[in-house]
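A.B. asks: Below you'll find final-v5.cif; it's mmCIF, C-alpha atoms and all ligand atoms.
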```cif
data_coords
#
loop_
_atom_site.label_atom_id
_atom_site.label_comp_id
_atom_site.auth_asym_id
_atom_site.auth_seq_id
_atom_site.Cartn_x
_atom_site.Cartn_y
_atom_site.Cartn_z
CA MET A 217 10.64 -19.47 100.13
CA SER A 218 10.23 -15.75 99.55
CA ILE A 219 13.14 -13.43 100.38
CA HIS A 220 10.54 -10.79 101.35
CA PRO A 221 8.86 -10.77 104.79
CA SER A 222 5.52 -10.32 103.01
CA PRO A 223 4.69 -10.98 99.35
CA LEU A 224 3.30 -7.43 99.34
CA ASP A 225 6.86 -6.12 99.77
CA SER A 226 7.95 -7.57 96.40
CA PRO A 227 9.31 -4.78 94.18
CA LYS A 228 7.76 -6.65 91.23
CA VAL A 229 4.71 -8.89 91.34
CA THR A 230 5.42 -12.22 89.66
CA THR A 231 3.45 -15.43 89.34
CA ARG A 232 5.44 -16.61 92.37
CA THR A 233 4.26 -13.59 94.37
CA LEU A 234 0.66 -14.54 93.61
CA GLN A 235 1.34 -18.09 94.76
CA GLU A 236 2.83 -16.74 97.99
CA MET A 237 -0.17 -14.46 98.47
CA LYS A 238 -2.48 -17.46 98.22
CA GLN A 239 -0.35 -19.39 100.72
CA SER A 240 -0.32 -16.40 103.11
CA GLY A 241 -4.07 -15.84 102.72
CA ILE A 242 -3.57 -12.33 101.25
CA PRO A 243 -6.30 -11.56 98.70
CA ILE A 244 -5.04 -10.57 95.24
CA ALA A 245 -6.38 -7.32 93.71
CA MET A 246 -6.62 -7.24 89.92
CA LEU A 247 -8.13 -4.60 87.59
CA THR A 248 -8.17 -4.08 83.84
CA ALA A 249 -6.26 -1.38 81.94
CA TYR A 250 -5.85 -0.72 78.25
CA ASP A 251 -3.74 2.46 78.14
CA TYR A 252 -0.56 3.99 79.58
CA THR A 253 -2.12 6.67 81.81
CA SER A 254 -4.60 4.33 83.54
CA ALA A 255 -1.97 1.62 83.97
CA ARG A 256 0.39 4.15 85.60
CA ILE A 257 -2.34 5.21 88.07
CA LEU A 258 -3.37 1.63 88.94
CA ASP A 259 0.24 0.52 89.34
CA GLY A 260 1.12 3.56 91.46
CA ALA A 261 -1.89 2.83 93.67
CA GLY A 262 -0.51 -0.66 94.38
CA ILE A 263 -2.67 -2.99 92.28
CA ASP A 264 -1.18 -6.51 92.15
CA VAL A 265 -2.25 -7.59 88.66
CA ILE A 266 -3.26 -5.57 85.61
CA LEU A 267 -5.33 -7.41 83.04
CA VAL A 268 -5.23 -6.11 79.49
CA GLY A 269 -8.63 -7.69 78.99
CA ASP A 270 -10.38 -8.30 75.72
CA SER A 271 -13.12 -6.26 77.43
CA ALA A 272 -11.20 -3.54 75.56
CA SER A 273 -13.48 -4.62 72.72
CA ASN A 274 -16.44 -3.29 74.75
CA VAL A 275 -15.07 -0.36 76.72
CA MET A 276 -12.40 0.92 74.33
CA ALA A 277 -13.84 0.08 70.92
CA GLY A 278 -17.60 0.13 71.69
CA PHE A 279 -18.37 -3.35 70.36
CA GLU A 280 -21.22 -5.31 71.91
CA THR A 281 -19.09 -8.41 72.58
CA THR A 282 -15.41 -9.30 73.01
CA LEU A 283 -15.34 -11.23 69.74
CA PRO A 284 -14.31 -8.52 67.25
CA ILE A 285 -11.08 -7.36 68.90
CA THR A 286 -7.97 -8.55 67.04
CA LEU A 287 -4.55 -9.75 68.15
CA ASP A 288 -2.97 -6.57 66.73
CA HIS A 289 -5.37 -4.44 68.80
CA MET A 290 -4.60 -6.42 71.96
CA ILE A 291 -0.86 -6.07 71.37
CA TYR A 292 -1.27 -2.30 70.94
CA HIS A 293 -3.19 -2.02 74.24
CA ALA A 294 -0.65 -4.26 76.00
CA GLN A 295 2.27 -2.13 74.74
CA CYS A 296 0.62 1.02 76.14
CA VAL A 297 -0.07 -0.64 79.51
CA VAL A 298 3.40 -2.14 79.92
CA ARG A 299 4.97 1.32 79.45
CA GLY A 300 2.98 2.52 82.50
CA VAL A 301 3.78 -0.35 84.87
CA ASP A 302 6.69 -0.75 87.31
CA ARG A 303 5.38 -3.30 89.80
CA ALA A 304 2.18 -5.09 88.78
CA LEU A 305 2.05 -8.38 86.89
CA VAL A 306 0.62 -7.72 83.42
CA VAL A 307 -1.70 -10.40 82.00
CA VAL A 308 -2.96 -10.08 78.41
CA ASP A 309 -6.06 -11.80 77.03
CA LEU A 310 -5.48 -13.78 73.85
CA PRO A 311 -8.46 -12.63 71.76
CA PHE A 312 -11.11 -14.79 70.14
CA GLY A 313 -9.75 -16.55 67.05
CA SER A 314 -6.09 -16.23 67.99
CA TYR A 315 -5.71 -19.54 69.88
CA GLN A 316 -8.70 -21.85 69.39
CA GLY A 317 -7.57 -23.26 66.01
CA ASN A 318 -4.65 -25.32 67.26
CA SER A 319 -1.82 -25.11 69.78
CA ARG A 320 0.73 -23.94 67.19
CA GLU A 321 -1.45 -20.99 66.22
CA ALA A 322 -1.90 -20.23 69.94
CA LEU A 323 1.85 -20.35 70.50
CA VAL A 324 2.48 -17.94 67.62
CA SER A 325 -0.15 -15.54 69.05
CA ALA A 326 1.19 -15.76 72.60
CA ILE A 327 4.80 -15.27 71.45
CA ARG A 328 3.73 -12.15 69.53
CA VAL A 329 2.07 -10.76 72.68
CA MET A 330 5.13 -11.46 74.85
CA LYS A 331 7.73 -10.23 72.31
CA GLU A 332 5.93 -7.18 70.95
CA SER A 333 4.38 -5.86 74.19
CA GLY A 334 6.75 -6.92 76.96
CA ALA A 335 3.78 -8.25 79.00
CA HIS A 336 4.39 -10.99 81.55
CA SER A 337 1.70 -13.57 80.79
CA VAL A 338 -1.42 -14.42 78.80
CA LYS A 339 -4.96 -15.49 79.66
CA LEU A 340 -7.04 -18.00 77.69
CA GLU A 341 -10.70 -18.94 78.10
CA GLY A 342 -11.82 -22.54 78.42
CA GLY A 343 -11.11 -25.92 80.02
CA LYS A 344 -10.40 -29.37 78.62
CA PRO A 345 -10.35 -28.38 74.91
CA ILE A 346 -7.46 -25.95 75.46
CA VAL A 347 -5.37 -27.97 77.93
CA SER A 348 -2.83 -29.16 75.33
CA THR A 349 -2.49 -25.54 74.15
CA VAL A 350 -1.87 -24.36 77.70
CA GLU A 351 0.82 -27.02 78.08
CA ARG A 352 2.50 -25.96 74.83
CA LEU A 353 2.59 -22.29 75.86
CA ILE A 354 3.98 -23.12 79.29
CA GLU A 355 6.62 -25.42 77.75
CA ALA A 356 7.67 -22.39 75.67
CA GLY A 357 8.12 -20.40 78.90
CA ILE A 358 4.91 -18.36 78.73
CA PRO A 359 2.95 -18.09 82.00
CA VAL A 360 -0.76 -18.81 81.42
CA MET A 361 -3.83 -17.81 83.40
CA GLY A 362 -7.06 -19.77 82.83
CA HIS A 363 -10.63 -18.44 82.70
CA LEU A 364 -13.68 -20.62 83.50
CA GLY A 365 -17.39 -20.12 84.13
CA LEU A 366 -18.88 -17.35 82.02
CA THR A 367 -16.31 -17.08 79.24
CA PRO A 368 -17.43 -14.11 77.13
CA GLN A 369 -15.75 -15.38 73.94
CA SER A 370 -18.34 -18.20 73.96
CA ILE A 371 -21.30 -15.90 74.47
CA TYR A 372 -23.11 -17.05 71.33
CA ARG A 373 -22.85 -20.67 72.46
CA PHE A 374 -24.20 -19.78 75.93
CA GLY A 375 -26.90 -17.56 74.42
CA GLY A 376 -26.55 -14.90 77.13
CA TYR A 377 -24.68 -13.66 80.20
CA GLN A 378 -26.43 -15.85 82.81
CA VAL A 379 -24.66 -17.29 85.86
CA ARG A 380 -22.82 -20.48 84.79
CA ALA A 381 -22.38 -23.86 86.51
CA LYS A 382 -25.57 -23.65 88.57
CA GLU A 383 -26.50 -27.19 87.56
CA GLU A 384 -24.65 -30.24 88.88
CA GLU A 385 -23.30 -31.37 85.50
CA GLU A 386 -21.75 -28.01 84.58
CA ALA A 387 -20.42 -27.57 88.12
CA GLU A 388 -18.68 -30.97 87.94
CA GLN A 389 -17.25 -30.04 84.54
CA LEU A 390 -15.91 -26.77 85.96
CA LYS A 391 -14.24 -28.58 88.88
CA ALA A 392 -12.62 -31.05 86.46
CA ASP A 393 -11.52 -28.23 84.11
CA ALA A 394 -9.98 -26.25 86.99
CA LEU A 395 -7.95 -29.26 88.04
CA LEU A 396 -6.83 -29.91 84.45
CA LEU A 397 -5.70 -26.29 84.07
CA GLN A 398 -3.78 -26.49 87.34
CA GLU A 399 -2.12 -29.76 86.25
CA ALA A 400 -1.29 -28.22 82.86
CA GLY A 401 0.67 -25.52 84.73
CA CYS A 402 -1.61 -22.44 84.84
CA PHE A 403 -0.45 -19.98 87.50
CA GLY A 404 -4.02 -18.91 88.28
CA ILE A 405 -7.61 -19.13 87.08
CA VAL A 406 -10.32 -16.48 86.71
CA PHE A 407 -13.81 -17.66 87.72
CA GLU A 408 -16.50 -15.49 86.15
CA LYS A 409 -20.13 -15.44 87.27
CA ILE A 410 -20.47 -18.78 89.05
CA PRO A 411 -22.17 -19.61 92.38
CA GLN A 412 -20.05 -18.51 95.34
CA GLU A 413 -20.23 -21.92 97.06
CA LEU A 414 -18.76 -23.59 93.98
CA ALA A 415 -16.01 -20.94 93.67
CA ALA A 416 -15.21 -21.37 97.38
CA GLU A 417 -14.99 -25.17 97.08
CA VAL A 418 -12.75 -25.12 93.99
CA SER A 419 -10.55 -22.31 95.37
CA LYS A 420 -9.96 -24.39 98.49
CA SER A 421 -9.17 -27.53 96.52
CA LEU A 422 -6.64 -25.89 94.17
CA SER A 423 -3.08 -24.97 95.07
CA ILE A 424 -2.99 -22.11 92.50
CA PRO A 425 -4.79 -18.79 93.11
CA THR A 426 -8.31 -18.20 91.82
CA ILE A 427 -9.52 -14.73 90.90
CA GLY A 428 -13.26 -14.09 91.00
CA ILE A 429 -15.56 -11.76 89.12
CA GLY A 430 -19.11 -12.42 90.20
CA ALA A 431 -17.88 -15.53 92.05
CA GLY A 432 -18.15 -14.47 95.70
CA SER A 433 -15.63 -13.53 98.35
CA HIS A 434 -13.89 -16.88 98.84
CA CYS A 435 -11.74 -16.73 95.72
CA ASP A 436 -8.07 -15.92 96.34
CA GLY A 437 -8.50 -12.56 94.63
CA GLN A 438 -10.95 -10.35 92.79
CA VAL A 439 -11.00 -8.66 89.39
CA LEU A 440 -13.24 -5.93 87.96
CA VAL A 441 -13.27 -4.03 84.70
CA THR A 442 -11.85 -0.67 85.78
CA HIS A 443 -14.38 1.30 83.73
CA ASP A 444 -17.19 -0.42 85.69
CA ALA A 445 -15.51 0.07 89.08
CA LEU A 446 -14.92 3.78 88.45
CA GLY A 447 -18.42 4.39 87.09
CA LEU A 448 -17.25 5.30 83.60
CA THR A 449 -19.72 2.76 82.22
CA THR A 450 -23.33 3.21 83.27
CA ASP A 451 -25.24 0.85 81.00
CA PHE A 452 -23.74 -2.35 82.50
CA ASN A 453 -25.15 -3.13 85.94
CA PRO A 454 -24.68 -6.76 86.98
CA ARG A 455 -24.84 -7.22 90.74
CA PHE A 456 -21.14 -8.15 90.97
CA VAL A 457 -20.01 -4.65 89.97
CA ARG A 458 -19.23 -2.35 92.89
CA ARG A 459 -18.94 1.27 91.78
CA TYR A 460 -16.16 3.14 93.57
CA GLY A 461 -17.11 6.39 91.87
CA HIS A 462 -19.33 7.97 89.25
CA LEU A 463 -16.69 9.31 86.92
CA ASP A 464 -19.10 9.54 83.99
CA SER A 465 -21.14 12.34 85.59
CA GLN A 466 -18.05 13.95 87.16
CA ILE A 467 -16.32 14.08 83.77
CA ALA A 468 -19.49 15.38 82.09
CA GLY A 469 -19.66 18.14 84.75
CA MET A 470 -16.04 19.12 84.16
CA VAL A 471 -16.56 19.18 80.39
CA GLN A 472 -19.63 21.42 80.87
CA ASN A 473 -17.53 23.79 83.01
CA TYR A 474 -14.95 23.93 80.23
CA ILE A 475 -17.59 24.62 77.57
CA SER A 476 -19.06 27.38 79.70
CA ASP A 477 -15.58 28.95 80.26
CA VAL A 478 -14.90 28.89 76.51
CA ARG A 479 -18.30 30.40 75.67
CA SER A 480 -17.88 33.17 78.26
CA ARG A 481 -14.26 33.81 77.19
CA SER A 482 -13.16 33.32 80.83
CA PHE A 483 -10.71 30.72 79.51
CA PRO A 484 -7.92 31.40 78.80
CA THR A 485 -6.92 34.26 81.09
CA ASP A 486 -3.86 36.45 80.50
CA GLU A 487 -1.92 34.12 82.86
CA GLU A 488 -2.84 31.19 80.67
CA SER A 489 -1.74 33.03 77.52
CA TYR A 490 1.64 34.07 76.01
O1 LIG B 501 -11.62 -9.10 79.48
C1 LIG B 501 -11.78 -8.94 80.70
O2 LIG B 501 -11.85 -7.81 81.21
C2 LIG B 501 -11.86 -10.13 81.53
C3 LIG B 501 -12.32 -9.96 82.95
C4 LIG B 501 -13.76 -9.75 82.97
C5 LIG B 501 -11.89 -11.07 83.81
O3 LIG B 501 -11.59 -11.21 81.09
#
```
Could you write out this file's structure as structure tokens?
Ligand code: KIV

C.D. replies:
Amino acid sequence: MSIHPSPLDSPKVTTRTLQEMKQSGIPIAMLTAYDYTSARILDGAGIDVILVGDSASNVMAGFETTLPITLDHMIYHAQCVVRGVDRALVVVDLPFGSYQGNSREALVSAIRVMKESGAHSVKLEGGKPIVSTVERLIEAGIPVMGHLGLTPQSIYRFGGYQVRAKEEEEAEQLKADALLLQEAGCFGIVFEKIPQELAAEVSKSLSIPTIGIGAGSHCDGQVLVTHDALGLTTDFNPRFVRRYGHLDSQIAGMVQNYISDVRSRSFPTDEESY
């Protein structure tokens, strides 16, 4: 039982808070961050979960896929984010190549993330093939979030970013994988780009929270890449992205104002000088 009247009153969001939110029917809000300043703003605004996603590979480093980002890079981003967070639960993606080899390698990677960044948990992509790894991490005391459906680290196997689990066989596999991850001890699972009916059915059947991205409104929470939600990215337009602003053009406008002030010598004024 929670000591707080509402899980939203928790001074710190923990995996237990998320569980209580699911039980109370309160949707969980999760966004990505990769740096101190953004993390501080998201946390101050009341976000429940901050994901240090390997989408940093795309939006921070400019790579086409999430595959190139390294464990050292992820730890650096996680360190920056953790310094900006007081309340949110911080989840860090284990990057491609840092956990698929075997469960010992995964444990070493996850321990590095937890020790060197101070983050609260890790996220791994995949189902049955990584279940023993998930168990090993959890046995070591590391909270693990799963990720099923469109798992971007497998993009070359999928051959593209299409909606996953539309066919019966893949949908059945996803249901089985979700159950295995829950039984292995995951505290939550991200469902990316799957049919909303399937996400709704699995979310209802699981006792742990599900977080959707392109998986409809019946998941227990939602996640977006912050750069997409704020309109900092403009060349990525899947239908699941809702833009809460157009920061790219606003920032460009502000930069043009600055350039014009510099050119006209109206910046700096005497008041802005010593
Ligand atoms: O890396 C990431 O940002 C993610 C989200 C898309 C869920 O895994």

A.B. asks: By how many Å are atom CA of Gly469 of chain A and atom CA of Ala445 of chain A apart?

C.D. replies: 19.0 Å

A.B. asks: Kindly give the distance, in Å, that separates atom CA of Glu408 of chain A and atom CA of Gln438 of chain A, rounded to a single decimal.

C.D. replies: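 Atom CA of Gln438 of chain A lies at a distance of 10.1 Å from atom CA of Glu408 of chain A.
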
A.B. asks: List all protein, DNA and RNA residues that have an atom no more than 7 Å from any atom of ligand LIG 501 (chain B), counting only C-alpha atoms and all ligand atoms, and report them as a PDB file with C-alpha atoms, keeping the file's coordinate frame.

C.D. replies:
```pdb
ATOM      1  CA  THR A 248      -8.170  -4.080  83.840  1.00  0.00           C
ATOM      2  CA  LEU A 267      -5.330  -7.410  83.040  1.00  0.00           C
ATOM      3  CA  GLY A 269      -8.630  -7.690  78.990  1.00  0.00           C
ATOM      4  CA  ASP A 270     -10.380  -8.300  75.720  1.00  0.00           C
ATOM      5  CA  SER A 271     -13.120  -6.260  77.430  1.00  0.00           C
ATOM      6  CA  ALA A 272     -11.200  -3.540  75.560  1.00  0.00           C
ATOM      7  CA  ASP A 309      -6.060 -11.800  77.030  1.00  0.00           C
ATOM      8  CA  VAL A 406     -10.320 -16.480  86.710  1.00  0.00           C
ATOM      9  CA  GLU A 408     -16.500 -15.490  86.150  1.00  0.00           C
ATOM     10  CA  ILE A 429     -15.560 -11.760  89.120  1.00  0.00           C
ATOM     11  CA  VAL A 439     -11.000  -8.660  89.390  1.00  0.00           C
ATOM     12  CA  LEU A 440     -13.240  -5.930  87.960  1.00  0.00           C
ATOM     13  CA  VAL A 441     -13.270  -4.030  84.700  1.00  0.00           C
TER      14      VAL A 441
END
```

A.B. asks: Kindly indicate which residue among A:Tyr474, A:Phe407, A:Phe312, A:Phe456 lies nearest to Cys435 of chain A, using only C-alpha atoms for the distances.

C.D. replies: A:Phe407

A.B. asks: Pick from A:Ser423, A:Ser226, A:Ser476, A:Ser325: nearest to Arg303 of chain A, with only C-alpha atoms counted?

C.D. replies: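 The closest residue to Arg303 of chain A is A:Ser226.
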
A.B. asks: Using only C-alpha atoms, which protein or nucleic acid residues come within 6 Å of segment 398-404 of chain A? Drop anything in the same chain fewer than 4 positions from it, and give the result as a PyMOL selection string.

C.D. replies: chain A and resi 351+360-361+424-426
